[in-house]
$ cat model-v8.cif   # mmCIF, C-alpha atoms and all ligand atoms
data_coords
#
loop_
_atom_site.group_PDB
_atom_site.id
_atom_site.type_symbol
_atom_site.label_atom_id
_atom_site.label_comp_id
_atom_site.auth_asym_id
_atom_site.auth_seq_id
_atom_site.Cartn_x
_atom_site.Cartn_y
_atom_site.Cartn_z
ATOM 1 C CA MET A 1 -19.800 -1.068 52.733
ATOM 2 C CA ASN A 2 -18.152 1.288 50.225
ATOM 3 C CA SER A 3 -20.243 4.090 48.805
ATOM 4 C CA HIS A 4 -22.186 3.040 45.709
ATOM 5 C CA LEU A 5 -25.076 4.080 43.468
ATOM 6 C CA ARG A 6 -28.581 2.640 43.484
ATOM 7 C CA LYS A 7 -31.228 3.274 40.831
ATOM 8 C CA ASP A 8 -34.912 3.426 41.691
ATOM 9 C CA ILE A 9 -36.922 1.194 39.346
ATOM 10 C CA LEU A 10 -40.070 3.398 39.466
ATOM 11 C CA SER A 11 -38.410 6.723 38.668
ATOM 12 C CA SER A 12 -35.291 8.252 37.134
ATOM 13 C CA ASN A 13 -33.826 8.760 40.602
ATOM 14 C CA TRP A 14 -30.284 7.729 41.433
ATOM 15 C CA VAL A 15 -29.194 7.531 45.045
ATOM 16 C CA ILE A 16 -25.634 7.541 46.406
ATOM 17 C CA VAL A 17 -25.458 5.360 49.498
ATOM 18 C CA SER A 18 -22.505 6.467 51.563
ATOM 19 C CA ASN A 19 -22.443 5.143 55.121
ATOM 20 C CA ASP A 20 -19.169 6.837 56.097
ATOM 21 C CA ARG A 21 -20.713 10.270 55.850
ATOM 22 C CA GLU A 22 -22.654 9.506 59.043
ATOM 23 C CA PHE A 23 -19.433 10.260 60.965
ATOM 24 C CA ARG A 24 -18.880 13.765 59.542
ATOM 25 C CA PRO A 25 -18.268 16.416 62.207
ATOM 26 C CA ASN A 26 -21.201 18.817 62.505
ATOM 27 C CA GLU A 27 -20.460 22.210 63.944
ATOM 28 C CA TYR A 28 -24.147 23.059 64.252
ATOM 29 C CA ARG A 29 -24.757 20.106 66.583
ATOM 30 C CA ALA A 30 -21.589 19.939 68.689
ATOM 31 C CA LYS A 31 -18.504 21.976 69.507
ATOM 32 C CA ILE A 32 -15.697 20.754 67.256
ATOM 33 C CA LYS A 33 -12.164 21.702 66.276
ATOM 34 C CA CYS A 34 -12.661 23.157 62.781
ATOM 35 C CA PRO A 35 -10.647 20.990 60.336
ATOM 36 C CA PHE A 36 -10.479 23.896 57.858
ATOM 37 C CA CYS A 37 -8.922 26.534 60.169
ATOM 38 C CA PRO A 38 -5.177 27.335 59.852
ATOM 39 C CA GLY A 39 -3.187 25.193 62.296
ATOM 40 C CA ASN A 40 -5.527 22.209 61.894
ATOM 41 C CA GLU A 41 -4.227 21.088 58.483
ATOM 42 C CA LYS A 42 -3.525 17.581 59.844
ATOM 43 C CA GLU A 43 -7.293 17.064 60.276
ATOM 44 C CA THR A 44 -7.745 16.886 56.472
ATOM 45 C CA PRO A 45 -6.042 14.650 53.898
ATOM 46 C CA PRO A 46 -2.934 16.315 52.308
ATOM 47 C CA ALA A 47 -3.701 19.316 50.069
ATOM 48 C CA ILE A 48 -4.184 18.906 46.310
ATOM 49 C CA CYS A 49 -3.248 22.560 45.812
ATOM 50 C CA GLU A 50 -2.837 25.745 47.838
ATOM 51 C CA LEU A 51 -2.545 29.460 47.122
ATOM 52 C CA LYS A 52 -0.232 31.194 49.578
ATOM 53 C CA ASP A 53 0.754 34.694 50.677
ATOM 54 C CA LEU A 54 3.186 35.811 53.386
ATOM 55 C CA LYS A 55 0.835 34.641 56.183
ATOM 56 C CA GLY A 56 0.443 31.122 54.733
ATOM 57 C CA TRP A 57 -2.292 29.544 52.593
ATOM 58 C CA TYR A 58 -5.410 31.546 51.796
ATOM 59 C CA ILE A 59 -7.103 28.975 49.529
ATOM 60 C CA ARG A 60 -6.647 25.238 50.062
ATOM 61 C CA VAL A 61 -8.065 22.302 48.074
ATOM 62 C CA VAL A 62 -8.204 18.926 49.852
ATOM 63 C CA PRO A 63 -9.837 15.551 49.192
ATOM 64 C CA ASN A 64 -13.063 15.208 51.194
ATOM 65 C CA LYS A 65 -12.356 13.065 54.279
ATOM 66 C CA TYR A 66 -15.913 11.698 54.087
ATOM 67 C CA PRO A 67 -16.436 11.347 50.316
ATOM 68 C CA ALA A 68 -19.791 10.651 48.690
ATOM 69 C CA LEU A 69 -17.901 8.984 45.825
ATOM 70 C CA THR A 70 -14.380 7.598 46.117
ATOM 71 C CA LEU A 71 -11.439 6.603 43.966
ATOM 72 C CA GLU A 72 -11.058 3.378 45.931
ATOM 73 C CA ASN A 73 -13.990 1.757 44.188
ATOM 74 C CA LYS A 74 -13.311 -0.628 41.351
ATOM 75 C CA ASN A 75 -16.056 -0.324 38.729
ATOM 76 C CA PHE A 76 -18.359 -3.281 39.323
ATOM 77 C CA GLN A 77 -22.001 -4.179 39.891
ATOM 78 C CA GLU A 78 -23.556 -6.339 42.557
ATOM 79 C CA SER A 79 -27.020 -7.815 41.943
ATOM 80 C CA GLU A 80 -29.744 -8.620 44.444
ATOM 81 C CA GLY A 81 -32.795 -9.844 42.526
ATOM 82 C CA LEU A 82 -34.194 -6.881 40.601
ATOM 83 C CA ASN A 83 -31.847 -4.459 42.261
ATOM 84 C CA LYS A 84 -28.265 -3.564 41.428
ATOM 85 C CA LYS A 85 -25.588 -1.741 43.360
ATOM 86 C CA PHE A 86 -23.165 0.170 41.147
ATOM 87 C CA TYR A 87 -19.712 0.653 42.629
ATOM 88 C CA VAL A 88 -18.152 3.465 40.619
ATOM 89 C CA LYS A 89 -15.135 5.742 40.874
ATOM 90 C CA GLY A 90 -15.565 9.430 41.565
ATOM 91 C CA HIS A 91 -13.769 12.366 43.165
ATOM 92 C CA HIS A 92 -14.990 14.483 46.033
ATOM 93 C CA GLU A 93 -12.884 17.536 46.904
ATOM 94 C CA VAL A 94 -13.290 20.473 49.258
ATOM 95 C CA ILE A 95 -12.177 23.991 48.374
ATOM 96 C CA ILE A 96 -11.423 25.926 51.568
ATOM 97 C CA GLU A 97 -11.913 29.497 50.418
ATOM 98 C CA ASP A 98 -10.442 31.665 53.177
ATOM 99 C CA ARG A 99 -8.400 31.408 56.381
ATOM 100 C CA ASN A 100 -11.084 33.201 58.399
ATOM 101 C CA HIS A 101 -13.681 30.846 59.905
ATOM 102 C CA PHE A 102 -16.609 33.272 59.768
ATOM 103 C CA LYS A 103 -16.244 35.010 56.380
ATOM 104 C CA LYS A 104 -19.358 35.208 54.225
ATOM 105 C CA ILE A 105 -18.794 34.693 50.497
ATOM 106 C CA ASN A 106 -19.263 38.404 49.738
ATOM 107 C CA GLU A 107 -16.609 39.239 52.361
ATOM 108 C CA ILE A 108 -13.886 37.108 50.759
ATOM 109 C CA LYS A 109 -11.397 39.640 49.334
ATOM 110 C CA HIS A 110 -9.855 37.198 46.863
ATOM 111 C CA LEU A 111 -13.167 35.770 45.600
ATOM 112 C CA ASP A 112 -11.939 36.113 41.995
ATOM 113 C CA LYS A 113 -9.068 33.710 42.870
ATOM 114 C CA VAL A 114 -11.530 31.294 44.492
ATOM 115 C CA LEU A 115 -13.549 31.257 41.251
ATOM 116 C CA GLU A 116 -10.377 30.682 39.257
ATOM 117 C CA ILE A 117 -9.555 27.680 41.470
ATOM 118 C CA TYR A 118 -13.109 26.356 40.916
ATOM 119 C CA ALA A 119 -12.409 26.502 37.167
ATOM 120 C CA LEU A 120 -8.960 24.904 37.449
ATOM 121 C CA ARG A 121 -10.195 21.959 39.517
ATOM 122 C CA MET A 122 -13.182 21.485 37.237
ATOM 123 C CA LYS A 123 -10.933 21.463 34.165
ATOM 124 C CA GLU A 124 -8.575 18.953 35.768
ATOM 125 C CA LEU A 125 -11.403 16.580 36.746
ATOM 126 C CA TYR A 126 -13.021 16.798 33.290
ATOM 127 C CA SER A 127 -9.685 15.744 31.766
ATOM 128 C CA LEU A 128 -9.816 12.393 33.603
ATOM 129 C CA LYS A 129 -11.094 9.154 32.116
ATOM 130 C CA ASN A 130 -14.717 8.145 32.755
ATOM 131 C CA VAL A 131 -15.776 11.537 34.077
ATOM 132 C CA LYS A 132 -19.155 12.487 32.580
ATOM 133 C CA TYR A 133 -20.064 15.300 34.919
ATOM 134 C CA VAL A 134 -18.379 17.598 37.433
ATOM 135 C CA MET A 135 -20.592 19.375 39.918
ATOM 136 C CA LEU A 136 -19.468 22.260 42.071
ATOM 137 C CA PHE A 137 -21.651 23.421 44.924
ATOM 138 C CA ARG A 138 -21.564 25.509 48.061
ATOM 139 C CA ASN A 139 -23.802 24.809 51.054
ATOM 140 C CA TYR A 140 -24.069 27.687 53.511
ATOM 141 C CA GLY A 141 -25.961 27.651 56.805
ATOM 142 C CA GLN A 142 -27.668 24.959 58.802
ATOM 143 C CA ASN A 143 -30.892 24.935 56.735
ATOM 144 C CA ALA A 144 -28.892 24.301 53.556
ATOM 145 C CA GLY A 145 -27.282 21.113 54.855
ATOM 146 C CA ALA A 146 -23.883 22.601 55.710
ATOM 147 C CA SER A 147 -22.040 20.838 58.520
ATOM 148 C CA LEU A 148 -19.212 23.387 58.922
ATOM 149 C CA ILE A 149 -19.357 27.201 59.067
ATOM 150 C CA HIS A 150 -15.850 27.726 57.617
ATOM 151 C CA PRO A 151 -16.179 29.103 54.036
ATOM 152 C CA HIS A 152 -15.867 26.186 51.615
ATOM 153 C CA SER A 153 -17.300 24.614 48.474
ATOM 154 C CA GLN A 154 -17.323 21.034 47.254
ATOM 155 C CA ILE A 155 -16.664 19.480 43.903
ATOM 156 C CA ILE A 156 -17.794 15.990 42.882
ATOM 157 C CA SER A 157 -16.956 14.175 39.648
ATOM 158 C CA MET A 158 -19.202 11.355 38.486
ATOM 159 C CA PRO A 159 -19.343 8.742 35.754
ATOM 160 C CA LEU A 160 -22.956 9.565 34.776
ATOM 161 C CA LEU A 161 -25.152 12.583 34.092
ATOM 162 C CA PRO A 162 -27.284 13.637 37.038
ATOM 163 C CA LEU A 163 -31.022 13.751 36.317
ATOM 164 C CA ARG A 164 -31.372 17.517 36.810
ATOM 165 C CA VAL A 165 -28.527 18.210 34.346
ATOM 166 C CA SER A 166 -29.687 15.759 31.683
ATOM 167 C CA ASP A 167 -33.182 17.288 31.915
ATOM 168 C CA GLU A 168 -31.750 20.788 31.487
ATOM 169 C CA LEU A 169 -29.585 19.644 28.570
ATOM 170 C CA LYS A 170 -32.656 18.114 26.908
ATOM 171 C CA HIS A 171 -34.473 21.465 27.160
ATOM 172 C CA PHE A 172 -31.485 23.396 25.767
ATOM 173 C CA LYS A 173 -31.442 20.987 22.807
ATOM 174 C CA THR A 174 -35.205 21.113 22.161
ATOM 175 C CA TYR A 175 -35.167 24.929 22.261
ATOM 176 C CA HIS A 176 -32.215 24.999 19.883
ATOM 177 C CA LEU A 177 -33.883 22.633 17.443
ATOM 178 C CA LYS A 178 -36.997 24.840 17.347
ATOM 179 C CA ASN A 179 -35.380 28.298 17.408
ATOM 180 C CA LYS A 180 -31.832 27.711 16.121
ATOM 181 C CA LYS A 181 -30.614 29.670 19.146
ATOM 182 C CA CYS A 182 -29.502 29.108 22.720
ATOM 183 C CA ALA A 183 -32.297 29.344 25.309
ATOM 184 C CA MET A 184 -30.133 31.053 27.949
ATOM 185 C CA CYS A 185 -28.814 33.634 25.440
ATOM 186 C CA ASP A 186 -32.464 34.477 24.655
ATOM 187 C CA ILE A 187 -33.525 34.489 28.315
ATOM 188 C CA LEU A 188 -30.709 36.923 29.177
ATOM 189 C CA SER A 189 -31.524 39.284 26.331
ATOM 190 C CA ASP A 190 -35.215 39.290 27.388
ATOM 191 C CA GLU A 191 -34.301 39.947 31.032
ATOM 192 C CA LYS A 192 -32.100 42.861 29.943
ATOM 193 C CA LYS A 193 -34.918 44.201 27.777
ATOM 194 C CA PHE A 194 -37.772 43.976 30.305
ATOM 195 C CA LYS A 195 -35.662 44.764 33.416
ATOM 196 C CA LYS A 196 -38.233 43.348 35.852
ATOM 197 C CA ARG A 197 -36.160 40.696 37.544
ATOM 198 C CA ILE A 198 -32.537 41.847 37.248
ATOM 199 C CA ILE A 199 -30.584 41.954 40.500
ATOM 200 C CA PHE A 200 -27.235 43.030 39.030
ATOM 201 C CA GLU A 201 -25.487 43.342 35.672
ATOM 202 C CA ASN A 202 -22.055 44.332 34.437
ATOM 203 C CA SER A 203 -20.353 44.091 31.046
ATOM 204 C CA HIS A 204 -20.065 40.260 31.266
ATOM 205 C CA PHE A 205 -22.701 38.886 33.646
ATOM 206 C CA VAL A 206 -26.381 39.161 34.493
ATOM 207 C CA ALA A 207 -27.850 38.138 37.861
ATOM 208 C CA PHE A 208 -31.635 37.767 37.840
ATOM 209 C CA ALA A 209 -34.539 36.123 39.630
ATOM 210 C CA PRO A 210 -35.713 33.568 37.020
ATOM 211 C CA PHE A 211 -39.255 33.907 35.643
ATOM 212 C CA ALA A 212 -40.407 30.533 37.007
ATOM 213 C CA SER A 213 -38.419 30.671 40.260
ATOM 214 C CA ARG A 214 -39.082 27.594 42.380
ATOM 215 C CA PHE A 215 -37.927 29.092 45.667
ATOM 216 C CA ASN A 216 -38.168 32.434 47.454
ATOM 217 C CA PHE A 217 -35.122 34.507 46.436
ATOM 218 C CA GLU A 218 -33.885 32.025 43.781
ATOM 219 C CA ILE A 219 -31.251 33.828 41.671
ATOM 220 C CA TRP A 220 -29.298 32.783 38.576
ATOM 221 C CA VAL A 221 -26.041 34.329 37.414
ATOM 222 C CA SER A 222 -24.935 33.761 33.830
ATOM 223 C CA PRO A 223 -22.404 35.146 31.318
ATOM 224 C CA VAL A 224 -23.901 37.373 28.607
ATOM 225 C CA ASN A 225 -21.756 35.721 25.934
ATOM 226 C CA HIS A 226 -22.554 32.124 25.065
ATOM 227 C CA GLU A 227 -20.217 29.677 26.798
ATOM 228 C CA PRO A 228 -21.075 26.053 27.661
ATOM 229 C CA ASP A 229 -18.165 25.364 30.047
ATOM 230 C CA PHE A 230 -17.612 27.180 33.312
ATOM 231 C CA TYR A 231 -13.953 26.141 33.338
ATOM 232 C CA LYS A 232 -13.276 28.111 30.151
ATOM 233 C CA GLU A 233 -14.358 31.335 31.858
ATOM 234 C CA THR A 234 -11.660 34.006 32.262
ATOM 235 C CA GLU A 235 -13.579 37.037 33.623
ATOM 236 C CA PHE A 236 -13.271 36.088 37.288
ATOM 237 C CA LYS A 237 -13.044 39.680 38.547
ATOM 238 C CA LYS A 238 -16.342 40.547 36.811
ATOM 239 C CA LEU A 239 -17.980 37.357 38.110
ATOM 240 C CA SER A 240 -16.790 38.006 41.642
ATOM 241 C CA GLU A 241 -18.226 41.545 41.388
ATOM 242 C CA ALA A 242 -21.610 40.077 40.402
ATOM 243 C CA LEU A 243 -21.617 37.443 43.168
ATOM 244 C CA LYS A 244 -20.510 39.929 45.832
ATOM 245 C CA ASN A 245 -23.335 42.261 44.854
ATOM 246 C CA VAL A 246 -25.963 39.497 44.911
ATOM 247 C CA PHE A 247 -24.825 37.986 48.222
ATOM 248 C CA SER A 248 -24.471 41.388 49.936
ATOM 249 C CA LYS A 249 -28.108 42.058 49.020
ATOM 250 C CA LEU A 250 -29.272 38.589 50.119
ATOM 251 C CA HIS A 251 -27.440 38.804 53.462
ATOM 252 C CA TYR A 252 -28.809 42.323 54.026
ATOM 253 C CA SER A 253 -32.439 41.425 53.303
ATOM 254 C CA ILE A 254 -32.515 37.956 54.890
ATOM 255 C CA LYS A 255 -31.505 37.356 58.511
ATOM 256 C CA ASP A 256 -29.577 34.086 59.063
ATOM 257 C CA LEU A 257 -29.475 33.315 55.356
ATOM 258 C CA SER A 258 -28.923 29.658 54.386
ATOM 259 C CA TYR A 259 -28.440 28.741 50.748
ATOM 260 C CA ASN A 260 -27.124 26.269 48.198
ATOM 261 C CA MET A 261 -25.141 27.608 45.267
ATOM 262 C CA ILE A 262 -24.607 25.279 42.319
ATOM 263 C CA ILE A 263 -22.594 25.771 39.155
ATOM 264 C CA HIS A 264 -24.440 24.284 36.179
ATOM 265 C CA THR A 265 -21.777 23.615 33.563
ATOM 266 C CA ALA A 266 -22.059 21.613 30.347
ATOM 267 C CA PRO A 267 -21.578 17.858 30.486
ATOM 268 C CA SER A 268 -18.283 16.861 28.861
ATOM 269 C CA GLY A 269 -18.203 17.905 25.180
ATOM 270 C CA GLU A 270 -21.767 19.354 25.015
ATOM 271 C CA LYS A 271 -21.974 22.627 23.097
ATOM 272 C CA LYS A 272 -25.734 23.265 23.371
ATOM 273 C CA PHE A 273 -25.581 24.386 26.981
ATOM 274 C CA HIS A 274 -24.922 27.768 28.593
ATOM 275 C CA TRP A 275 -23.265 27.675 32.003
ATOM 276 C CA HIS A 276 -24.912 29.459 34.894
ATOM 277 C CA ILE A 277 -24.871 29.584 38.652
ATOM 278 C CA GLU A 278 -28.048 28.818 40.592
ATOM 279 C CA ILE A 279 -28.403 30.351 44.055
ATOM 280 C CA LEU A 280 -31.158 28.687 46.071
ATOM 281 C CA PRO A 281 -31.844 30.286 49.466
ATOM 282 C CA LYS A 282 -33.507 27.974 51.955
ATOM 283 C CA ILE A 283 -36.464 29.886 53.363
ATOM 284 C CA ALA A 284 -39.525 27.692 52.876
ATOM 285 C CA MET A 285 -38.874 23.956 52.614
ATOM 286 C CA PRO A 286 -40.559 21.880 49.876
ATOM 287 C CA ALA A 287 -43.644 20.327 51.489
ATOM 288 C CA GLY A 288 -46.216 17.626 50.714
ATOM 289 C CA PHE A 289 -47.585 19.161 47.515
ATOM 290 C CA GLU A 290 -44.074 19.701 46.104
ATOM 291 C CA TRP A 291 -42.950 16.149 46.950
ATOM 292 C CA GLY A 292 -46.183 14.697 45.586
ATOM 293 C CA SER A 293 -46.463 16.665 42.365
ATOM 294 C CA GLY A 294 -43.029 17.962 41.384
ATOM 295 C CA PHE A 295 -44.660 21.434 41.206
ATOM 296 C CA TYR A 296 -43.341 24.215 43.377
ATOM 297 C CA ILE A 297 -45.489 26.751 45.156
ATOM 298 C CA ASN A 298 -43.545 30.000 45.453
ATOM 299 C CA SER A 299 -45.089 32.540 47.810
ATOM 300 C CA LEU A 300 -43.011 35.459 46.445
ATOM 301 C CA SER A 301 -42.859 36.398 42.768
ATOM 302 C CA PRO A 302 -39.401 36.948 41.250
ATOM 303 C CA GLU A 303 -40.526 40.525 40.383
ATOM 304 C CA ARG A 304 -41.145 41.193 44.093
ATOM 305 C CA ILE A 305 -37.784 39.608 44.982
ATOM 306 C CA SER A 306 -35.993 42.009 42.666
ATOM 307 C CA GLU A 307 -37.806 44.908 44.384
ATOM 308 C CA ILE A 308 -36.931 43.645 47.886
ATOM 309 C CA LEU A 309 -33.244 43.135 47.040
ATOM 310 C CA ASN A 310 -32.725 46.235 44.929
ATOM 311 C CA LYS A 311 -34.509 48.589 47.351
ATOM 312 C CA GLY A 312 -32.759 47.048 50.375
ATOM 313 C CA ILE A 313 -35.956 45.955 52.161
ATOM 314 C CA LYS A 314 -35.574 43.726 55.241
ATOM 315 C CA PHE A 315 -37.526 40.523 54.646
ATOM 316 C CA ARG A 316 -39.351 38.956 57.598
ATOM 317 C CA TYR A 317 -40.202 35.243 57.687
HETATM 318 ZN ZN ZN A 401 -12.581 27.107 60.602
HETATM 319 ZN ZN ZN A 402 -26.134 30.720 25.185
#

$ encode --input "model-v8.cif" --output "structure tokens"
Amino acid sequence: MNSHLRKDILSSNWVIVSNDREFRPNEYRAKIKCPFCPGNEKETPPAICELKDLKGWYIRVVPNKYPALTLENKNFQESEGLNKKFYVKGHHEVIIEDRNHFKKINEIKHLDKVLEIYALRMKELYSLKNVKYVMLFRNYGQNAGASLIHPHSQIISMPLLPLRVSDELKHFKTYHLKNKKCAMCDILSDEKKFKKRIIFENSHFVAFAPFASRFNFEIWVSPVNHEPDFYKETEFKKLSEALKNVFSKLHYSIKDLSYNMIIHTAPSGEKKFHWHIEILPKIAMPAGFEWGSGFYINSLSPERISEILNKGIKFRY
């Protein structure tokens, strides 16, 4: 059965059913030959693009061997009573960010180039027909759902807006209608004014623990100047400086850090959106109350997080 989408009738939830992903290698469960290490290039589909130096490639983009969405699908629906299966086209790529298997993101020397490749791939996918949204994310560590240690990110294009993004877009639009301004521009200027939750800032970016953080150590990074689309960004050196600072602090304060990092960029053509990166460390898992209510209980205030990270306090959990 090819991967396809299913919609839950009692909620706004979409589910991607993708049986093939069951066979993904998992380095945390068994010893495997890393498909992303130099010398093992045959283990992945042929590269979409590579950046090279004298020693060979140092960034490599490949199609995901176990895609959540594939190009092989023809767009069609299959009905089963009330329920429908939506077979849709999508892309699923992997960006291998360094040759070294064990590098943490803040240790990648050419992180600015990695960010530039993120933007290039995102731009290319947005230029294709039927692409409504392009999501770029990085899973790091066993508790964040990563299956391989080797530094990498993933990029998925889809023909519909994911729930979380359409909800965020709705809030950007409502705020704009009321205030004639962008919500994120206002949030950033408040954070800079009150200086209670800032983790790092330079001339172009602010990294802060958001006021209503859902998770312990949740951090957002956003450009000071209004820009809806991540792929139009050009200040990759400044952004890499911000990310290296944030992740050095997180890795210092939290032992065995696991996290998800997600780039929230505007859906195709939307101007009332302000791109930002969400970093979501996995420390406490959502539990019964969270699943039942949609509320989050956060045991550490974002003000305390900024103190822990900025003073270099070791966090015990
Ligand atoms: Zn490797
Ligand atoms: Zn803005």

$ residues_around --input "model-v8.cif" --residues "range 49-53 of chain A" --least-positions-apart "2" --cutoff "10 Å" --atoms "all atoms listed in the file" --output "number ranges by chain"
A: 46-47, 55-62, 95-97, 113-114, 117, 121

$ write_last_selection --input "model-v8.cif" --atoms "C-alpha atoms" --output "short mmCIF file (atom, residue, chain, number, x, y, z; two decimals), in the coordinates of the input"
data_model
loop_
_atom_site.label_atom_id
_atom_site.label_comp_id
_atom_site.auth_asym_id
_atom_site.auth_seq_id
_atom_site.Cartn_x
_atom_site.Cartn_y
_atom_site.Cartn_z
CA PRO A 46 -2.93 16.32 52.31
CA ALA A 47 -3.70 19.32 50.07
CA LYS A 55 0.84 34.64 56.18
CA GLY A 56 0.44 31.12 54.73
CA TRP A 57 -2.29 29.54 52.59
CA TYR A 58 -5.41 31.55 51.80
CA ILE A 59 -7.10 28.98 49.53
CA ARG A 60 -6.65 25.24 50.06
CA VAL A 61 -8.06 22.30 48.07
CA VAL A 62 -8.20 18.93 49.85
CA ILE A 95 -12.18 23.99 48.37
CA ILE A 96 -11.42 25.93 51.57
CA GLU A 97 -11.91 29.50 50.42
CA LYS A 113 -9.07 33.71 42.87
CA VAL A 114 -11.53 31.29 44.49
CA ILE A 117 -9.56 27.68 41.47
CA ARG A 121 -10.20 21.96 39.52
#

$ closest_atom_pairs --input "model-v8.cif" --of "chain A" --to "ligand ZN 402 (chain A)" --cutoff "9 Å" --atoms "all atoms listed in the file" --output "CSV"
residue,atom,partner,partner_atom,distance
A:Lys181,CA,A:ZN402,ZN,7.6
A:Cys182,CA,A:ZN402,ZN,4.5
A:Ala183,CA,A:ZN402,ZN,6.3
A:Met184,CA,A:ZN402,ZN,4.9
A:Cys185,CA,A:ZN402,ZN,4.0
A:Asp186,CA,A:ZN402,ZN,7.4
A:Ile187,CA,A:ZN402,ZN,8.9
A:Leu188,CA,A:ZN402,ZN,8.7
A:Pro223,CA,A:ZN402,ZN,8.4
A:Val224,CA,A:ZN402,ZN,7.8
A:Asn225,CA,A:ZN402,ZN,6.7
A:His226,CA,A:ZN402,ZN,3.8
A:Glu227,CA,A:ZN402,ZN,6.2
A:Pro228,CA,A:ZN402,ZN,7.3
A:Lys272,CA,A:ZN402,ZN,7.7
A:Phe273,CA,A:ZN402,ZN,6.6
A:His274,CA,A:ZN402,ZN,4.7
A:Trp275,CA,A:ZN402,ZN,8.0

$ residues_near_ligand --input "model-v8.cif" --ligand "ligand ZN 401 (chain A)" --cutoff "6 Å" --atoms "all atoms listed in the file" --output "NGL selection string"
:A and (34 or 36-37 or 101 or 150)

$ write_last_selection --input "model-v8.cif" --atoms "C-alpha atoms" --output "PDB file, keeping the file's coordinate frame"
ATOM      1  CA  CYS A  34     -12.661  23.157  62.781  1.00  0.00           C
ATOM      2  CA  PHE A  36     -10.479  23.896  57.858  1.00  0.00           C
ATOM      3  CA  CYS A  37      -8.922  26.534  60.169  1.00  0.00           C
ATOM      4  CA  HIS A 101     -13.681  30.846  59.905  1.00  0.00           C
ATOM      5  CA  HIS A 150     -15.850  27.726  57.617  1.00  0.00           C
TER       6      HIS A 150
END

$ resolve_selection --input "model-v8.cif" --expression "the PyMOL selection byres (((chain A and resi 307-313) around 7) and not hetatm)" --output "ChimeraX atom specification"
/A:199,249-250,253,303-306,314-315

$ closest_residue --input "model-v8.cif" --among "A:Met261, A:Ile277, A:Leu10, A:Leu125" --to "Gly145 in chain A" --atoms "all atoms listed in the file"
A:Met261

$ closest_residue --input "model-v8.cif" --among "A:Glu93, A:Ser147, A:Ile108, A:Tyr140" --to "Ala30 in chain A" --atoms "only C-alpha atoms"
A:Ser147

$ residues_around --input "model-v8.cif" --residues "Ile149 in chain A" --least-positions-apart "3" --cutoff "9 Å" --atoms "only C-alpha atoms" --output "PDB file with C-alpha atoms, in the frame of the given file"
ATOM      1  CA  GLU A  27     -20.460  22.210  63.944  1.00  0.00           C
ATOM      2  CA  TYR A  28     -24.147  23.059  64.252  1.00  0.00           C
ATOM      3  CA  CYS A  34     -12.661  23.157  62.781  1.00  0.00           C
ATOM      4  CA  HIS A 101     -13.681  30.846  59.905  1.00  0.00           C
ATOM      5  CA  PHE A 102     -16.609  33.272  59.768  1.00  0.00           C
ATOM      6  CA  LYS A 103     -16.244  35.010  56.380  1.00  0.00           C
ATOM      7  CA  TYR A 140     -24.069  27.687  53.511  1.00  0.00           C
ATOM      8  CA  GLY A 141     -25.961  27.651  56.805  1.00  0.00           C
ATOM      9  CA  GLN A 142     -27.668  24.959  58.802  1.00  0.00           C
ATOM     10  CA  ALA A 146     -23.883  22.601  55.710  1.00  0.00           C
ATOM     11  CA  HIS A 152     -15.867  26.186  51.615  1.00  0.00           C
TER      12      HIS A 152
END

$ residues_around --input "model-v8.cif" --residues "Asn13 in chain A" --least-positions-apart "5" --cutoff "8 Å" --atoms "all atoms listed in the file" --output "list in words"
Lys7, Asp8 and Leu163 of chain A

$ closest_residue --input "model-v8.cif" --among "A:Glu43, A:Asp98, A:Glu235, A:Asp190" --to "Asp112 in chain A" --atoms "all atoms listed in the file"
A:Glu235

$ axis_aligned_box --input "model-v8.cif" --around "range 2-20 of chain A" --padding-each-side "6 Å" --output "JSON"
{"center_x": -29.1, "center_y": 5.0, "center_z": 46.6, "size_x": 33.9, "size_y": 19.6, "size_z": 31.0}
